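S.K.: Before I ask anything, let me first share the structure, which is written out below as structure tokens.
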Amino acid sequence: MSNSIRYSLLWIAGIVGLLGFATAAGSAGQLPHSVDTQPSPPLPPAVFYGTILPSSAFTPVAGMVLQAYIGSNLCGQTAIKQAENDITFAIVVTADTTQAGCGTAGRFIQFRTADNDLSPTVEWDNRQPHELQLHHASVTDGDVTISIGVSADDVELSWIANAVNQAYEIHRSPTPFFTPSTNTLIAILPATATSYTDPGVGGDPKVSYFYAVLTVNGTIRVYTDQVGAISYTLNNTGGKYSLIALPFLPQGVTNAASLANYIGNVGGLLKWNPPTRSFRFFSPPNSGDNFSIARGDVVFTLINSGGPNVVTIAGLVAPIQFTLYPDGFNFISLPLQKRELLDAAAVAANMTTVESLLSWNDATQLFRFFVPLSGGDNFAVRPGSPFIVRVGSGEPTSWPLSD
């Protein structure tokens, strides 16, 4: 038995003991007999304005009704207007707190007029008015598929050029599912461009970056899917574990061995199995359980002395949903679409029957505990932050709930 495997088995025993302590702490309180029923004020609506472009498939006319759908729910409508040579609109899209099923962070709006779907679809966002240029969904819009990679501390974007495009705009934001604007624009590239390097922005665990490319085709401007890069601190002093998440799945990472190779100089990897309430352990290059890796996984990482002190995980931005198993611990991360949740208390309030939340401190090699009924360390979270949650009895549940 190698020293890394022996150390990991001893370490697992210690972790299981700490989880047992958290179980006792989480079950110490009792449910309150009453709650504050004072209703919260409704959220303000989101506002969108701009122009609607004509095409061979569709000609907008003043007086047509523009509708905003979220799923099957009609959440706003307005008559479009003629302003000089443009067909313009300004539409208010209702919040979920005013009309169930309407706007909240992570939900997307489909605009329609005269039974025609319009592009692009956009995320509901009430923080400021947003300018859009809508067009018929069938129009050839020069859309491209964007890829992301990391080289040292540089973030690298790439795509296959579309011949109809005249230029590409690069947009960047510290939050996922952002609405591109002049404030997020960092570069404009010519039609021949197929890549962009954002130098020196990777490798900082305190800041995450998310990107979109806007393709410019005459008057048609279309945003790609978003990609992102999130960095995690690694304790590389030898014999110490760090907890990382995979909100994205890096290219080529499919199992523990390929993840170890992606990170570099790894002594061991552990992945929690909620149904069996035990860890699966892998020691490079080929010892132990070469468990599969999927988007959303959270993994304890043992870095050899002198190994990397940070790892950057990059990939496509997409909503994540976790299965939470009752009467046990679940290793998850803050879903990218739950960017509004800022601490353990907010996460607990967004779930049901949460008994305790734990965050791993890779420097002290100790857990930070938060228990909703009695308090504790209300640690901060941000999109992609790994943490552990214990939920009460019952059937497995999904979180977040699908919109």
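Going by the structure tokens order, chains are called A, B, ..., each with residues numbered from 1, while ligands are numbered from 1 in the order shown.
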Could you give me the residues within stretch 269-375 of chain A that DSSP places in helix (DSSP H, G or I), as a list in words?

M.R.: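 After running DSSP on the backbone, stretch 269-375 of chain A has helix (DSSP H, G or I) at Leu336, Gln337, Lys338, Ala344, Ala345, Ala346, Val347, Ala348, Ala349 and Asn350 of chain A.
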
S.K.: Any chance you could export the current selection's all heavy atoms as a short mmCIF file (atom, residue, chain, number, x, y, z; two decimals), in the first residue's frame?

M.R.:
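File out18.cif, as written:
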data_model
loop_
_atom_site.label_atom_id
_atom_site.label_comp_id
_atom_site.auth_asym_id
_atom_site.auth_seq_id
_atom_site.Cartn_x
_atom_site.Cartn_y
_atom_site.Cartn_z
N LEU A 336 -24.73 27.64 -11.22
CA LEU A 336 -24.45 28.92 -11.87
C LEU A 336 -25.69 29.80 -11.96
O LEU A 336 -25.60 31.03 -11.91
CB LEU A 336 -23.86 28.68 -13.26
CG LEU A 336 -22.57 27.86 -13.31
CD1 LEU A 336 -22.10 27.71 -14.76
CD2 LEU A 336 -21.48 28.49 -12.46
N GLN A 337 -26.86 29.18 -12.10
CA GLN A 337 -28.09 29.97 -12.22
C GLN A 337 -28.58 30.52 -10.89
O GLN A 337 -29.53 31.29 -10.85
CB GLN A 337 -29.20 29.13 -12.88
CG GLN A 337 -29.78 28.00 -12.02
CD GLN A 337 -29.06 26.69 -12.20
OE1 GLN A 337 -27.87 26.65 -12.47
NE2 GLN A 337 -29.78 25.59 -12.05
N LYS A 338 -27.92 30.13 -9.78
CA LYS A 338 -28.31 30.63 -8.46
C LYS A 338 -27.33 31.70 -7.98
O LYS A 338 -26.96 31.76 -6.81
CB LYS A 338 -28.39 29.47 -7.46
CG LYS A 338 -29.63 28.61 -7.64
CD LYS A 338 -30.88 29.42 -7.31
CE LYS A 338 -32.14 28.59 -7.43
NZ LYS A 338 -33.35 29.39 -7.10
N ALA A 344 -24.33 30.87 3.21
CA ALA A 344 -24.92 29.59 3.61
C ALA A 344 -26.38 29.75 4.01
O ALA A 344 -27.21 28.90 3.70
CB ALA A 344 -24.11 28.98 4.74
N ALA A 345 -26.70 30.84 4.70
CA ALA A 345 -28.08 31.05 5.14
C ALA A 345 -29.02 31.19 3.95
O ALA A 345 -30.13 30.65 3.96
CB ALA A 345 -28.16 32.29 6.02
N ALA A 346 -28.58 31.90 2.92
CA ALA A 346 -29.41 32.07 1.73
C ALA A 346 -29.60 30.75 1.00
O ALA A 346 -30.69 30.45 0.49
CB ALA A 346 -28.78 33.11 0.80
N VAL A 347 -28.54 29.93 0.95
CA VAL A 347 -28.65 28.61 0.31
C VAL A 347 -29.65 27.75 1.08
O VAL A 347 -30.53 27.11 0.49
CB VAL A 347 -27.28 27.92 0.24
CG1 VAL A 347 -27.43 26.48 -0.23
CG2 VAL A 347 -26.34 28.68 -0.69
N ALA A 348 -29.52 27.71 2.41
CA ALA A 348 -30.42 26.90 3.23
C ALA A 348 -31.86 27.33 3.05
O ALA A 348 -32.77 26.49 2.96
CB ALA A 348 -30.01 26.98 4.69
N ALA A 349 -32.10 28.64 2.97
CA ALA A 349 -33.46 29.14 2.81
C ALA A 349 -34.04 28.79 1.45
O ALA A 349 -35.26 28.70 1.29
CB ALA A 349 -33.48 30.66 3.01
N ASN A 350 -33.18 28.56 0.46
CA ASN A 350 -33.63 28.25 -0.89
C ASN A 350 -33.92 26.76 -1.06
O ASN A 350 -34.52 26.35 -2.05
CB ASN A 350 -32.57 28.70 -1.91
CG ASN A 350 -33.10 28.79 -3.32
OD1 ASN A 350 -32.84 27.92 -4.14
ND2 ASN A 350 -33.85 29.83 -3.60
#

S.K.: Fewer than 3 positions away in the same chain doesn't count, so skip those; otherwise give me all residues within 12 Å of stretch 85-89 of chain A, counting only C-alpha atoms, as a count of residues only.

M.R.: 34

S.K.: Skip A:Thr192 itself and residues of its chain fewer than 2 positions away, then list as an NGL selection string all residues within 7 Å of it, counting only C-alpha atoms.

M.R.: :A and (161 or 190 or 194)

S.K.: Within 9 Å of stretch 239-245 of chain A, which residues of stretch 279-321 of chain A show up? Give each one with its shortest atom-to-atom distance in Å (one decimal) and the two atoms involved, counting only C-alpha atoms, rows by chain then rising residue number, as JSON lines.

M.R.:
{"residue": "A:Arg295", "atom": "CA", "partner": "A:Ala245", "partner_atom": "CA", "distance": 8.7}
{"residue": "A:Gly296", "atom": "CA", "partner": "A:Ala245", "partner_atom": "CA", "distance": 6.7}
{"residue": "A:Asp297", "atom": "CA", "partner": "A:Ala245", "partner_atom": "CA", "distance": 5.9}
{"residue": "A:Val298", "atom": "CA", "partner": "A:Ala245", "partner_atom": "CA", "distance": 4.3}
{"residue": "A:Val299", "atom": "CA", "partner": "A:Ile244", "partner_atom": "CA", "distance": 5.6}
{"residue": "A:Phe300", "atom": "CA", "partner": "A:Leu243", "partner_atom": "CA", "distance": 4.5}
{"residue": "A:Thr301", "atom": "CA", "partner": "A:Ser242", "partner_atom": "CA", "distance": 5.1}
{"residue": "A:Leu302", "atom": "CA", "partner": "A:Tyr241", "partner_atom": "CA", "distance": 4.6}
{"residue": "A:Ile303", "atom": "CA", "partner": "A:Lys240", "partner_atom": "CA", "distance": 6.8}
{"residue": "A:Asn304", "atom": "CA", "partner": "A:Gly239", "partner_atom": "CA", "distance": 6.8}
{"residue": "A:Ser305", "atom": "CA", "partner": "A:Gly239", "partner_atom": "CA", "distance": 7.4}
{"residue": "A:Val311", "atom": "CA", "partner": "A:Ile244", "partner_atom": "CA", "distance": 8.7}
{"residue": "A:Ile313", "atom": "CA", "partner": "A:Ala245", "partner_atom": "CA", "distance": 8.3}

S.K.: Include C-alpha atoms and write out the residues we just selected as a tab-separated table (two decimals), in the first residue's frame.

M.R.:
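Output saved as result-v4.tsv:
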chain	number	residue	atom	x	y	z
A	295	ARG	CA	-20.40	18.20	-14.74
A	296	GLY	CA	-21.43	19.31	-11.28
A	297	ASP	CA	-19.20	16.86	-9.39
A	298	VAL	CA	-17.31	17.94	-6.25
A	299	VAL	CA	-14.00	16.21	-5.54
A	300	PHE	CA	-11.47	16.22	-2.70
A	301	THR	CA	-8.01	16.66	-4.25
A	302	LEU	CA	-4.72	15.67	-2.61
A	303	ILE	CA	-1.88	17.65	-4.20
A	304	ASN	CA	1.70	16.46	-3.84
A	305	SER	CA	4.22	18.79	-2.21
A	311	VAL	CA	-6.64	24.92	-10.81
A	313	ILE	CA	-12.00	24.82	-14.53

S.K.: Compile the contact shell of stretch 396-400 of chain A as a short mmCIF file (atom, residue, chain, number, x, y, z; two decimals) with N, CA, C and O atoms, in the first residue's frame: residues with an atom at most 6 Å away, counting only C-alpha atoms, same-chain residues fewer than 6 positions apart removed.

M.R.:
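Contents of selection-v3.cif, freshly written:
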data_model
loop_
_atom_site.label_atom_id
_atom_site.label_comp_id
_atom_site.auth_asym_id
_atom_site.auth_seq_id
_atom_site.Cartn_x
_atom_site.Cartn_y
_atom_site.Cartn_z
N GLN A 321 -28.53 20.94 -11.95
CA GLN A 321 -29.49 20.48 -10.95
C GLN A 321 -28.90 19.25 -10.24
O GLN A 321 -28.36 18.36 -10.89
N PHE A 322 -28.99 19.24 -8.91
CA PHE A 322 -28.44 18.16 -8.11
C PHE A 322 -29.55 17.31 -7.49
O PHE A 322 -30.64 17.83 -7.19
N THR A 323 -29.27 16.02 -7.31
CA THR A 323 -30.13 15.15 -6.53
C THR A 323 -29.62 15.13 -5.09
O THR A 323 -28.45 14.82 -4.86
N LEU A 324 -30.48 15.49 -4.15
CA LEU A 324 -30.11 15.53 -2.73
C LEU A 324 -30.69 14.30 -2.04
O LEU A 324 -31.90 14.09 -2.04
N TYR A 325 -29.80 13.49 -1.47
CA TYR A 325 -30.22 12.27 -0.79
C TYR A 325 -30.49 12.57 0.68
O TYR A 325 -29.68 13.24 1.34
N PRO A 326 -31.61 12.08 1.23
CA PRO A 326 -31.98 12.40 2.62
C PRO A 326 -31.13 11.64 3.63
O PRO A 326 -30.50 10.62 3.31
#

S.K.: By how many Å are atom CA of A:Arg172 and atom CA of A:Asp343 apart?

M.R.: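 Calculated distance between atom CA of A:Arg172 and atom CA of A:Asp343 is 24.2 Å.
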
S.K.: Using only C-alpha atoms, find the one residue out of A:Thr353, A:Gln166, A:Ser208, A:Ser333 that sits nearest to A:Gly394.

M.R.: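 Checking each of A:Thr353, A:Gln166, A:Ser208, A:Ser333 against A:Gly394, counting only C-alpha atoms, the winner is A:Thr353.
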
S.K.: Would you return as a VMD selection string the members of stretch 238-384 of chain A that DSSP assigns to strand (DSSP E) on this structure's backbone?

M.R.: chain A and resid 240 to 245 266 to 273 278 to 283 287 to 288 298 to 303 310 to 316 322 to 324 328 to 333 354 to 361 366 to 371 375 to 376

S.K.: Now that the selection is made, can you save its residues with C-alpha atoms as a tab-separated table (two decimals), in the first residue's frame?

M.R.:
chain	number	residue	atom	x	y	z
A	240	LYS	CA	-3.36	18.17	2.45
A	241	TYR	CA	-6.75	18.03	0.73
A	242	SER	CA	-8.58	20.75	-1.19
A	243	LEU	CA	-12.24	20.65	-2.23
A	244	ILE	CA	-12.93	21.66	-5.84
A	245	ALA	CA	-16.06	21.68	-7.99
A	266	VAL	CA	-2.02	14.81	-7.87
A	267	GLY	CA	-1.52	12.29	-5.07
A	268	GLY	CA	-5.18	11.26	-4.72
A	269	LEU	CA	-8.79	12.09	-5.55
A	270	LEU	CA	-11.91	11.31	-3.50
A	271	LYS	CA	-15.54	11.49	-4.62
A	272	TRP	CA	-18.43	11.03	-2.19
A	273	ASN	CA	-21.08	8.44	-3.02
A	278	SER	CA	-18.69	6.44	1.47
A	279	PHE	CA	-15.82	7.88	-0.56
A	280	ARG	CA	-14.48	6.48	-3.81
A	281	PHE	CA	-10.68	6.86	-3.92
A	282	PHE	CA	-8.24	7.06	-6.82
A	283	SER	CA	-4.44	7.40	-6.66
A	287	SER	CA	-4.53	2.69	-8.25
A	288	GLY	CA	-8.00	2.49	-6.74
A	298	VAL	CA	-17.31	17.94	-6.25
A	299	VAL	CA	-14.00	16.21	-5.54
A	300	PHE	CA	-11.47	16.22	-2.70
A	301	THR	CA	-8.01	16.66	-4.25
A	302	LEU	CA	-4.72	15.67	-2.61
A	303	ILE	CA	-1.88	17.65	-4.20
A	310	VAL	CA	-4.57	26.63	-8.12
A	311	VAL	CA	-6.64	24.92	-10.81
A	312	THR	CA	-8.93	26.68	-13.29
A	313	ILE	CA	-12.00	24.82	-14.53
A	314	ALA	CA	-13.46	26.14	-17.79
A	315	GLY	CA	-16.34	25.23	-20.08
A	316	LEU	CA	-19.89	25.91	-21.25
A	322	PHE	CA	-28.44	18.16	-8.11
A	323	THR	CA	-30.13	15.15	-6.53
A	324	LEU	CA	-30.11	15.53	-2.73
A	328	GLY	CA	-26.92	11.95	4.67
A	329	PHE	CA	-24.42	14.32	3.14
A	330	ASN	CA	-24.39	15.60	-0.42
A	331	PHE	CA	-21.31	17.18	-2.01
A	332	ILE	CA	-22.55	19.89	-4.40
A	333	SER	CA	-21.68	23.39	-5.59
A	354	VAL	CA	-31.69	21.51	5.41
A	355	GLU	CA	-30.09	20.34	8.65
A	356	SER	CA	-26.55	21.64	8.08
A	357	LEU	CA	-24.17	23.09	5.53
A	358	LEU	CA	-20.39	22.64	5.54
A	359	SER	CA	-17.58	24.39	3.70
A	360	TRP	CA	-14.04	22.96	3.61
A	361	ASN	CA	-11.14	25.23	4.60
A	366	LEU	CA	-11.24	21.82	8.87
A	367	PHE	CA	-14.90	22.23	8.05
A	368	ARG	CA	-16.87	25.42	8.57
A	369	PHE	CA	-20.37	24.59	9.89
A	370	PHE	CA	-23.68	26.38	9.43
A	371	VAL	CA	-26.88	25.05	11.03
A	375	GLY	CA	-26.55	29.50	13.34
A	376	GLY	CA	-22.81	28.97	13.17

S.K.: Work out how far atom CA of A:Thr182 is from atom CA of A:Leu214, in Å to one decimal.

M.R.: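 Separating atom CA of A:Leu214 from atom CA of A:Thr182 is a distance of 11.7 Å.
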
S.K.: Counting only C-alpha atoms, what is within 8 Å of stretch 153-156 of chain A, bar same-chain residues fewer than 4 positions away, as number ranges by chain?

M.R.: A: 148-149, 195-203, 229

S.K.: So the first atom is atom CA of A:Gln226 and the second is atom CA of A:Ala318; what is the distance between them in Å, to one decimal place?

M.R.: 8.1 Å

S.K.: Considering only C-alpha atoms, state which residue in the set A:Tyr209, A:Arg112, A:Trp159, A:Pro285 is at the smallest distance from A:Ile91.

M.R.: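 Of all the options, A:Arg112 lies closest to A:Ile91.
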
S.K.: Taking 2 positions as the minimum chain separation for residues in the same chain, which residues sit within 10 Å of stretch 98-108 of chain A when counting only C-alpha atoms? Answer as a PyMOL selection string.

M.R.: chain A and resi 41-46+68-76+93-96+110-111+121-126+176-178+318-319+336-340+402-403
